[in-house]
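These notes are about the structure you will find just below.
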Amino acid sequence: MSVKTRFAPSPTGYLHVGGARTALFSWLYARKHGGQFVLRIEDTDLERSTQESVDAILEGMQWLDLDYDEGPFYQTKRFDRYNEVIDQLIEKGMAYRCSCSKERLDNLREEQMAAKQKPRYDGHCRHADVSADEPHVIRFLNPTEGSVKFKDLVKGDIEVSNNELDDLIIRRTDGSPTYNLTVVVDDHDMEITQVIRGDDHINNTPRQINMYQAMGWSVPEFAHLPMILGDDGARLSKRHGAVSVMQYADEGYLPEGLLNYLVRLGWSHGDQELFSREEMIQLFELTNVNRAPSAFNTEKLNWLNAHYIKEASPADLAPLLQKHFQQLDIEATDLAVLAQIVEAQRERASTLVELADISAFYFNDPEGYSSKPAKKALVEEAIAPLTHARKALAQLAAWEREPIHQCVADAVAALEIGFGKLAMPLRISVTDGAPSPDLDLTLFLVGREATLRRIDNAIVFIQENAS
C-alpha cells in the first residue's frame, strides 16, 4: 500500500514550532517512502478560525519549503460530506440525538467530580425519542464492551477500555460537525495511511478508531509525537520567546537552520547533528523518534543557524540581509556589495539580524566615537597619519582592495611609523570599533566618499577633544 500522510493544522493562530515539527515529520515520512503529502486546513471552529491564520500557515509551509502534493483542503467546504456520514451513523444505530441541557450536563459533571469519578456523558439520551425539530446535538454511540487496541508507531502498544470512553458529540446544536468526526471522514476520504500528530491528540485516537470501525472503514496507523518543552521544563509557549515559524524568519533564522533543529527535536540518528534535506529524507524513521518530551534549546538552534549562514552562498544571503537592513532604516541596494559584506562578516553572527546589526557601520557614519577603542586610538598623535592617509586615499584612481592596501602601506613607509600607528586610528575612524575584516576590505566596502568623510569627522573629533 502506498504511503500517504497529512498535516492538518487549525487556523486559530500562527504556525508554531510544534506544528512545524509535525509537518516536517509527516513530510519526511511521505518523501522517505515515495508517498504523498497532503495539507488540510481544519477550520470547523468557525469562531476562532481566521483567514490571517490560514495565510500564516501557508506562508510558514512555503518558507520551510515543505511542499504538499494535495491541498490545501478546507473542512468548511466539506460540511455536506460530514452530514452524509452522520446520517449514515444514525441509520446504522451508531449515533443518536441528545437534548440534554447545559445545566443538566454541568450538574452531572459536578456530581461525578465530587464522587472522584472521571467526568463523562452518562448516555441519558441513548434510548430517548428526541425530535429533530427540537434543539439537539448528535452523539456517537460508543461501544460499552471490550477495548480499543492499536500499535502507535512512536509509543508502542496502547489499549483503552471502551467503558472509559463516552458518547462524544459529533454535530453541535448549530449543525456544525466536530473535530473527532471530521478528522475521521477526511483521513478516510483522502486515503491517509499514517496519521502523524502531536500526543495531545492521543486520547482522541480510541474514539476515532471506534468511528472507523462503525463505518466499516480501514484504520490508518497512528504516530503520536511527544510535546516540546521550554528550557524550564514547561510546555513551550510564547513566554519562552519566538514560537511562530515566521517570527523565526523575522529574527534572522534560515529555514535550513530551523528545519535541521526541528528534525533533531525528538528524533536522532546516532550522534549526527547536521543534516541536509536529502539526508533527512534518507535517514528518517518513526522508530527513532523519542517517546519522551523534547526541550527546546535556543543556543543549539543558534549554533545550527550560524553553521548554515557560514555554508550558504553569499549571493543567496544578500537579498535576505537586505530585508533586515531595511528594518534598521538602511537602504542597501547593491546586492554585490551585500554579498561581500556577508562573506566578510558572517563568521561573527548566528542570525541575519545579528549580521545586519554588526554590519550597519558600513552604511552609517559613527556617532561621536564613543567606543573604548576610539578613546585609545583617536588621540592627537593620530592627526598627522590620518591627514596623510586621507590625502593619498582621495587621489586613488580606482577604489579597489589592492590599491587601498598599497596606499596605506605607502603612507606607513612615508611617515616612517609602525603600521598600527596608522591602521588603528584609520580603522576606528571608519568603524568606531565595530568588528570588521581586513582594513583594505573594510575601506573598500564602506566606499571612498564615506571613508574620506569619516576620516574628516575623526580629525575634527580629535581636535575638539584635545583642546
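Naming works like this for the C-alpha cells: A, B, ... for the chains as they're shown, residue 1 at the start of each chain, ligands 1 onward in shown order.
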
Discussion item. I'd like the neighbourhood of Ala411 of chain A as JSON, numbers by chain, where a residue qualifies if any of its atoms comes within 10 Å (using only C-alpha atoms), though same-chain residues fewer than 2 positions away should be ignored.
Written reply: {"A": [385, 386, 388, 389, 390, 391, 392, 393, 406, 407, 408, 409, 413, 414, 415, 416, 417, 419, 422]}

Keeping N, CA and C atoms for every residue in the selection just given, could you write it to a file as a PDB file, in the first residue's frame?
ATOM      1  N   PRO A 385      49.058  61.195  10.747  1.00  0.00           N
ATOM      2  CA  PRO A 385      48.888  60.000   9.902  1.00  0.00           C
ATOM      3  C   PRO A 385      47.542  59.971   9.187  1.00  0.00           C
ATOM      4  N   LEU A 386      46.480  60.355   9.891  1.00  0.00           N
ATOM      5  CA  LEU A 386      45.153  60.349   9.270  1.00  0.00           C
ATOM      6  C   LEU A 386      45.072  61.363   8.124  1.00  0.00           C
ATOM      7  N   HIS A 388      47.568  62.500   6.277  1.00  0.00           N
ATOM      8  CA  HIS A 388      48.372  61.991   5.168  1.00  0.00           C
ATOM      9  C   HIS A 388      47.612  60.897   4.408  1.00  0.00           C
ATOM     10  N   ALA A 389      47.032  59.962   5.151  1.00  0.00           N
ATOM     11  CA  ALA A 389      46.312  58.843   4.528  1.00  0.00           C
ATOM     12  C   ALA A 389      45.083  59.337   3.772  1.00  0.00           C
ATOM     13  N   ARG A 390      44.402  60.314   4.350  1.00  0.00           N
ATOM     14  CA  ARG A 390      43.192  60.844   3.700  1.00  0.00           C
ATOM     15  C   ARG A 390      43.523  61.440   2.337  1.00  0.00           C
ATOM     16  N   LYS A 391      44.618  62.179   2.285  1.00  0.00           N
ATOM     17  CA  LYS A 391      45.023  62.803   1.022  1.00  0.00           C
ATOM     18  C   LYS A 391      45.385  61.752  -0.026  1.00  0.00           C
ATOM     19  N   ALA A 392      46.100  60.712   0.420  1.00  0.00           N
ATOM     20  CA  ALA A 392      46.511  59.656  -0.510  1.00  0.00           C
ATOM     21  C   ALA A 392      45.312  58.839  -0.999  1.00  0.00           C
ATOM     22  N   LEU A 393      44.420  58.536  -0.099  1.00  0.00           N
ATOM     23  CA  LEU A 393      43.229  57.754  -0.471  1.00  0.00           C
ATOM     24  C   LEU A 393      42.345  58.535  -1.445  1.00  0.00           C
ATOM     25  N   GLN A 406      47.856  49.102  -0.878  1.00  0.00           N
ATOM     26  CA  GLN A 406      49.154  49.685  -1.226  1.00  0.00           C
ATOM     27  C   GLN A 406      49.250  51.127  -0.749  1.00  0.00           C
ATOM     28  N   CYS A 407      48.126  51.843  -0.834  1.00  0.00           N
ATOM     29  CA  CYS A 407      48.103  53.238  -0.395  1.00  0.00           C
ATOM     30  C   CYS A 407      48.420  53.352   1.093  1.00  0.00           C
ATOM     31  N   VAL A 408      47.819  52.496   1.903  1.00  0.00           N
ATOM     32  CA  VAL A 408      48.067  52.511   3.347  1.00  0.00           C
ATOM     33  C   VAL A 408      49.520  52.129   3.633  1.00  0.00           C
ATOM     34  N   ALA A 409      50.012  51.107   2.921  1.00  0.00           N
ATOM     35  CA  ALA A 409      51.405  50.671   3.117  1.00  0.00           C
ATOM     36  C   ALA A 409      52.380  51.789   2.749  1.00  0.00           C
ATOM     37  N   ALA A 413      55.149  53.808   5.179  1.00  0.00           N
ATOM     38  CA  ALA A 413      56.566  53.929   4.819  1.00  0.00           C
ATOM     39  C   ALA A 413      56.997  55.390   4.759  1.00  0.00           C
ATOM     40  N   ALA A 414      56.145  56.231   4.159  1.00  0.00           N
ATOM     41  CA  ALA A 414      56.487  57.648   4.023  1.00  0.00           C
ATOM     42  C   ALA A 414      56.575  58.328   5.384  1.00  0.00           C
ATOM     43  N   LEU A 415      55.706  57.936   6.303  1.00  0.00           N
ATOM     44  CA  LEU A 415      55.677  58.548   7.635  1.00  0.00           C
ATOM     45  C   LEU A 415      56.702  57.932   8.584  1.00  0.00           C
ATOM     46  N   GLU A 416      57.267  56.791   8.148  1.00  0.00           N
ATOM     47  CA  GLU A 416      58.261  56.070   8.958  1.00  0.00           C
ATOM     48  C   GLU A 416      57.702  55.773  10.357  1.00  0.00           C
ATOM     49  N   ILE A 417      56.507  55.181  10.361  1.00  0.00           N
ATOM     50  CA  ILE A 417      55.857  54.791  11.615  1.00  0.00           C
ATOM     51  C   ILE A 417      55.455  53.325  11.534  1.00  0.00           C
ATOM     52  N   PHE A 419      52.938  50.154  11.449  1.00  0.00           N
ATOM     53  CA  PHE A 419      51.673  50.000  10.732  1.00  0.00           C
ATOM     54  C   PHE A 419      50.484  50.335  11.631  1.00  0.00           C
ATOM     55  N   LEU A 422      49.019  53.974  12.057  1.00  0.00           N
ATOM     56  CA  LEU A 422      48.071  54.491  11.090  1.00  0.00           C
ATOM     57  C   LEU A 422      46.831  53.603  10.990  1.00  0.00           C
TER      58      LEU A 422
END

Kindly assemble as CSV a list of the segment 233-336 of chain A residues that lie within 10 Å of segment 52-68 of chain A, each paired with its nearest atom pair and their distance in Å to one decimal, using only C-alpha atoms, sorted first by chain and then by ascending residue number.
residue,atom,partner,partner_atom,distance
A:Ser244,CA,A:Gly60,CA,8.7
A:Val245,CA,A:Gly60,CA,6.0
A:Met246,CA,A:Gly60,CA,6.0
A:Gln247,CA,A:Gly60,CA,9.6
A:Ala249,CA,A:Trp63,CA,8.3
A:Leu254,CA,A:Leu64,CA,8.9
A:Pro255,CA,A:Leu64,CA,5.3
A:Glu256,CA,A:Leu64,CA,7.6
A:Gly257,CA,A:Leu64,CA,9.9
A:Leu258,CA,A:Leu64,CA,8.3
A:Leu259,CA,A:Leu64,CA,7.2

Mind writing the picked residues with C-alpha atoms as a PDB file, in the first residue's frame?
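This is the output file again.pdb:
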ATOM      1  CA  SER A 244       5.886  31.216  15.483  1.00  0.00           C
ATOM      2  CA  VAL A 245       7.746  29.902  12.446  1.00  0.00           C
ATOM      3  CA  MET A 246       7.614  33.272  10.679  1.00  0.00           C
ATOM      4  CA  GLN A 247       8.804  35.013  13.834  1.00  0.00           C
ATOM      5  CA  ALA A 249      12.230  34.222   9.903  1.00  0.00           C
ATOM      6  CA  LEU A 254      17.333  30.455   7.910  1.00  0.00           C
ATOM      7  CA  PRO A 255      14.763  27.766   7.061  1.00  0.00           C
ATOM      8  CA  GLU A 256      17.609  25.249   6.736  1.00  0.00           C
ATOM      9  CA  GLY A 257      18.738  26.006  10.284  1.00  0.00           C
ATOM     10  CA  LEU A 258      15.255  25.758  11.784  1.00  0.00           C
ATOM     11  CA  LEU A 259      14.450  22.533   9.897  1.00  0.00           C
TER      12      LEU A 259
END

Fill in: Residues within 8 Å of Tyr82 of chain A, only C-alpha atoms, excluding chain neighbours under 3 positions, as a PyMOL selection string
chain A and resi 78-79+85-86+177+181-182+185

Nearby residues (only C-alpha atoms) at most 10 Å from segment 340-342 of chain A, same-chain spacing under 2 positions excluded, as a CSV table (one decimal) with N, CA and C atoms, in the first residue's frame:
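Contents of around37.csv, freshly written:
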chain,number,residue,atom,x,y,z
A,309,ILE,N,24.5,29.8,7.9
A,309,ILE,CA,24.9,31.1,7.4
A,309,ILE,C,26.3,31.0,6.9
A,310,LYS,N,27.2,30.3,7.5
A,310,LYS,CA,28.6,30.2,7.0
A,310,LYS,C,28.6,29.3,5.7
A,312,ALA,N,26.1,28.9,3.5
A,312,ALA,CA,25.3,29.4,2.4
A,312,ALA,C,26.1,30.3,1.4
A,313,SER,N,25.6,30.4,0.2
A,313,SER,CA,26.2,31.2,-0.8
A,313,SER,C,25.9,32.7,-0.4
A,314,PRO,N,27.0,33.5,-0.4
A,314,PRO,CA,26.8,34.9,0.0
A,314,PRO,C,25.8,35.6,-1.0
A,315,ALA,N,25.7,35.2,-2.2
A,315,ALA,CA,24.8,35.8,-3.2
A,315,ALA,C,23.3,35.5,-2.8
A,316,ASP,N,23.1,34.3,-2.2
A,316,ASP,CA,21.8,33.9,-1.8
A,316,ASP,C,21.4,34.6,-0.5
A,317,LEU,N,22.3,34.9,0.4
A,317,LEU,CA,22.0,35.6,1.6
A,317,LEU,C,21.9,37.1,1.4
A,318,ALA,N,22.5,37.6,0.4
A,318,ALA,CA,22.4,39.1,0.2
A,318,ALA,C,21.0,39.7,0.2
A,321,LEU,N,19.6,39.5,3.7
A,321,LEU,CA,20.2,40.5,4.6
A,321,LEU,C,19.7,41.9,4.3
A,335,LEU,N,23.4,44.5,-4.3
A,335,LEU,CA,23.4,43.1,-3.8
A,335,LEU,C,24.8,42.6,-3.9
A,336,ALA,N,25.6,43.0,-4.9
A,336,ALA,CA,27.0,42.5,-5.0
A,336,ALA,C,27.8,42.9,-3.8
A,337,VAL,N,27.6,44.2,-3.3
A,337,VAL,CA,28.3,44.7,-2.1
A,337,VAL,C,27.8,43.9,-0.9
A,338,LEU,N,26.5,43.7,-0.8
A,338,LEU,CA,25.9,43.0,0.3
A,338,LEU,C,26.5,41.6,0.4
A,344,ALA,N,32.4,38.8,4.5
A,344,ALA,CA,33.3,39.4,5.4
A,344,ALA,C,32.9,39.3,6.9
A,345,GLN,N,31.6,39.3,7.1
A,345,GLN,CA,31.1,39.4,8.5
A,345,GLN,C,30.4,38.1,9.1
A,346,ARG,N,30.1,37.1,8.2
A,346,ARG,CA,29.2,36.1,8.7
A,346,ARG,C,29.8,35.2,9.8
A,347,GLU,N,31.1,35.1,9.9
A,347,GLU,CA,31.7,34.3,10.9
A,347,GLU,C,31.4,34.8,12.3
A,349,ALA,N,28.3,36.1,13.3
A,349,ALA,CA,26.9,36.2,13.5
A,349,ALA,C,26.2,34.8,13.5
A,352,LEU,N,20.7,36.4,10.9
A,352,LEU,CA,20.8,37.5,9.9
A,352,LEU,C,20.5,38.9,10.6
A,355,LEU,N,23.8,39.7,12.0
A,355,LEU,CA,24.7,40.1,10.8
A,355,LEU,C,24.4,41.5,10.4
A,356,ALA,N,23.1,41.9,10.3
A,356,ALA,CA,22.8,43.3,9.9
A,356,ALA,C,23.2,44.3,11.0
A,359,SER,N,26.9,44.9,10.9
A,359,SER,CA,27.4,45.4,9.6
A,359,SER,C,26.8,46.8,9.3
A,362,TYR,N,28.8,49.9,7.9
A,362,TYR,CA,29.2,50.0,6.5
A,362,TYR,C,28.4,51.2,5.9
A,436,SER,N,35.3,44.2,12.4
A,436,SER,CA,35.4,44.4,10.9
A,436,SER,C,36.5,43.5,10.4
A,437,PRO,N,36.5,43.3,9.0
A,437,PRO,CA,37.5,42.4,8.4
A,437,PRO,C,38.8,43.2,8.2
A,441,LEU,N,39.7,45.7,2.9
A,441,LEU,CA,38.3,45.3,2.6
A,441,LEU,C,37.3,46.2,3.3
A,442,THR,N,37.6,46.5,4.5
A,442,THR,CA,36.6,47.4,5.3
A,442,THR,C,36.5,48.7,4.6
A,445,LEU,N,34.5,48.4,1.2
A,445,LEU,CA,33.1,48.2,1.4
A,445,LEU,C,32.4,49.4,1.9
A,446,VAL,N,33.1,50.2,2.7
A,446,VAL,CA,32.5,51.4,3.2
A,446,VAL,C,32.4,52.4,2.0

Discussion item. For segment 450-459 of chain A, find every residue with an atom within 6 Å (counting only C-alpha atoms), except residues of its own chain fewer than 5 positions away, and show them as a ChimeraX atom specification.
Written reply: /A:383,429-430

Practice prompt. Give me, please, the distance in Å between atom CA of Ala306 of chain A and atom CA of Pro435 of chain A, quoted to one decimal.
Written response: 16.9 Å

Item to complete: Kindly indicate which residue among A:Glu273, A:Glu47, A:Glu221, A:Glu380 lies nearest to Ile196 of chain A, using only C-alpha atoms for the distances.
Response: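 Smallest separation from Ile196 of chain A among the options: A:Glu221.
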
Practice prompt. Please measure the separation of atom CA of Lys155 of chain A and atom CA of Leu141 of chain A, giving the value in Å to one decimal.
Written response: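 Between atom CA of Lys155 of chain A and atom CA of Leu141 of chain A the gap works out to 27.5 Å.
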
Would you kindly return, as a PDB file with N, CA and C atoms, in the first residue's frame, each protein, DNA or RNA residue with an atom no farther than 8 Å from any atom of Thr12 of chain A, considering only C-alpha atoms and excluding same-chain residues fewer than 2 positions away?
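After the write, around.pdb holds the following:
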ATOM      1  N   SER A  10      -5.126  23.712  12.614  1.00  0.00           N
ATOM      2  CA  SER A  10      -6.315  24.546  12.781  1.00  0.00           C
ATOM      3  C   SER A  10      -5.898  26.007  12.621  1.00  0.00           C
ATOM      4  N   TYR A  14      -0.861  31.382  14.524  1.00  0.00           N
ATOM      5  CA  TYR A  14       0.287  31.194  13.647  1.00  0.00           C
ATOM      6  C   TYR A  14       0.657  29.716  13.516  1.00  0.00           C
ATOM      7  N   ARG A  48     -13.130  30.891  15.928  1.00  0.00           N
ATOM      8  CA  ARG A  48     -11.706  31.193  16.142  1.00  0.00           C
ATOM      9  C   ARG A  48     -10.875  31.151  14.866  1.00  0.00           C
ATOM     10  N   SER A  49     -11.363  30.494  13.832  1.00  0.00           N
ATOM     11  CA  SER A  49     -10.589  30.383  12.592  1.00  0.00           C
ATOM     12  C   SER A  49     -10.588  31.714  11.846  1.00  0.00           C
ATOM     13  N   THR A  50      -9.418  32.088  11.317  1.00  0.00           N
ATOM     14  CA  THR A  50      -9.303  33.351  10.584  1.00  0.00           C
ATOM     15  C   THR A  50      -8.496  33.146   9.308  1.00  0.00           C
ATOM     16  N   SER A  53      -4.785  33.561   9.909  1.00  0.00           N
ATOM     17  CA  SER A  53      -4.096  32.360  10.381  1.00  0.00           C
ATOM     18  C   SER A  53      -3.842  31.391   9.235  1.00  0.00           C
TER      19      SER A  53
END

Fill in: From A:Cys98, A:Ile228, A:Met190, A:Met211, residue lying nearest Arg172 of chain A [only C-alpha atoms]
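Among A:Cys98, A:Ile228, A:Met190, A:Met211, it is A:Cys98 that comes nearest to Arg172 of chain A.
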
So which residues touch Asp357 of chain A within 9 Å, counting only C-alpha atoms, skipping near sequence neighbours fewer than 6 positions away, as an mmCIF file with C-alpha atoms, in the first residue's frame?
data_model
loop_
_atom_site.group_PDB
_atom_site.id
_atom_site.type_symbol
_atom_site.label_atom_id
_atom_site.label_comp_id
_atom_site.auth_asym_id
_atom_site.auth_seq_id
_atom_site.Cartn_x
_atom_site.Cartn_y
_atom_site.Cartn_z
ATOM 1 C CA HIS A 324 16.984 43.053 7.681
ATOM 2 C CA PHE A 325 18.918 46.213 6.822
ATOM 3 C CA LEU A 328 17.307 49.319 10.510
#

Worksheet item: Can you list, as a ChimeraX atom specification, every residue of segment 170-214 of chain A that DSSP puts in strand (DSSP E)?
Response: /A:170-171,194-198

Filtering to C-alpha atoms, could you give me those residues as a PDB file, in the first residue's frame?
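File selection-v3.pdb, as written:
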ATOM      1  CA  ILE A 170     -20.147  14.698  16.526  1.00  0.00           C
ATOM      2  CA  ARG A 171     -22.528  17.509  15.488  1.00  0.00           C
ATOM      3  CA  GLN A 194      -0.255   7.191   8.588  1.00  0.00           C
ATOM      4  CA  VAL A 195      -1.646   9.846  10.931  1.00  0.00           C
ATOM      5  CA  ILE A 196       1.374  11.631  12.432  1.00  0.00           C
ATOM      6  CA  ARG A 197       0.403  14.236  15.019  1.00  0.00           C
ATOM      7  CA  GLY A 198       1.148  15.587  18.490  1.00  0.00           C
TER       8      GLY A 198
END

Item to complete: Please give the complete set of residues from segment 175-407 of chain A that DSSP, run on the backbone, assigns to alpha helix (DSSP H), formatted as a count of residues only.
Response: 116

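The coordinates place atom CA of Leu304 of chain A at 13.9 Å from atom CA of Arg277 of chain A.
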
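The residue that comes closest to Leu225 of chain A, out of A:Glu278, A:Asp152, A:Asp106, A:Asp166 and on the basis of only C-alpha atoms, is A:Asp152.
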
Worksheet entry | Nearest candidate to Ala23 of chain A (options A:Glu299, A:Met227, A:His124, A:Val263; using only C-alpha atoms) | A:Val263

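Residue nearest Glu191 of chain A within the list A:Ser26, A:Asn305, A:Ser99, A:Ser218: A:Ser218 [criterion: smallest interatomic distance, only C-alpha atoms].
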
Worksheet item: From the list A:Ala30, A:Leu378, A:Ala384, A:Gln395, which residue is nearest Ala466 of chain A when using only C-alpha atoms?
Response: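 Using only C-alpha atoms, the shortest distance to Ala466 of chain A belongs to A:Leu378.
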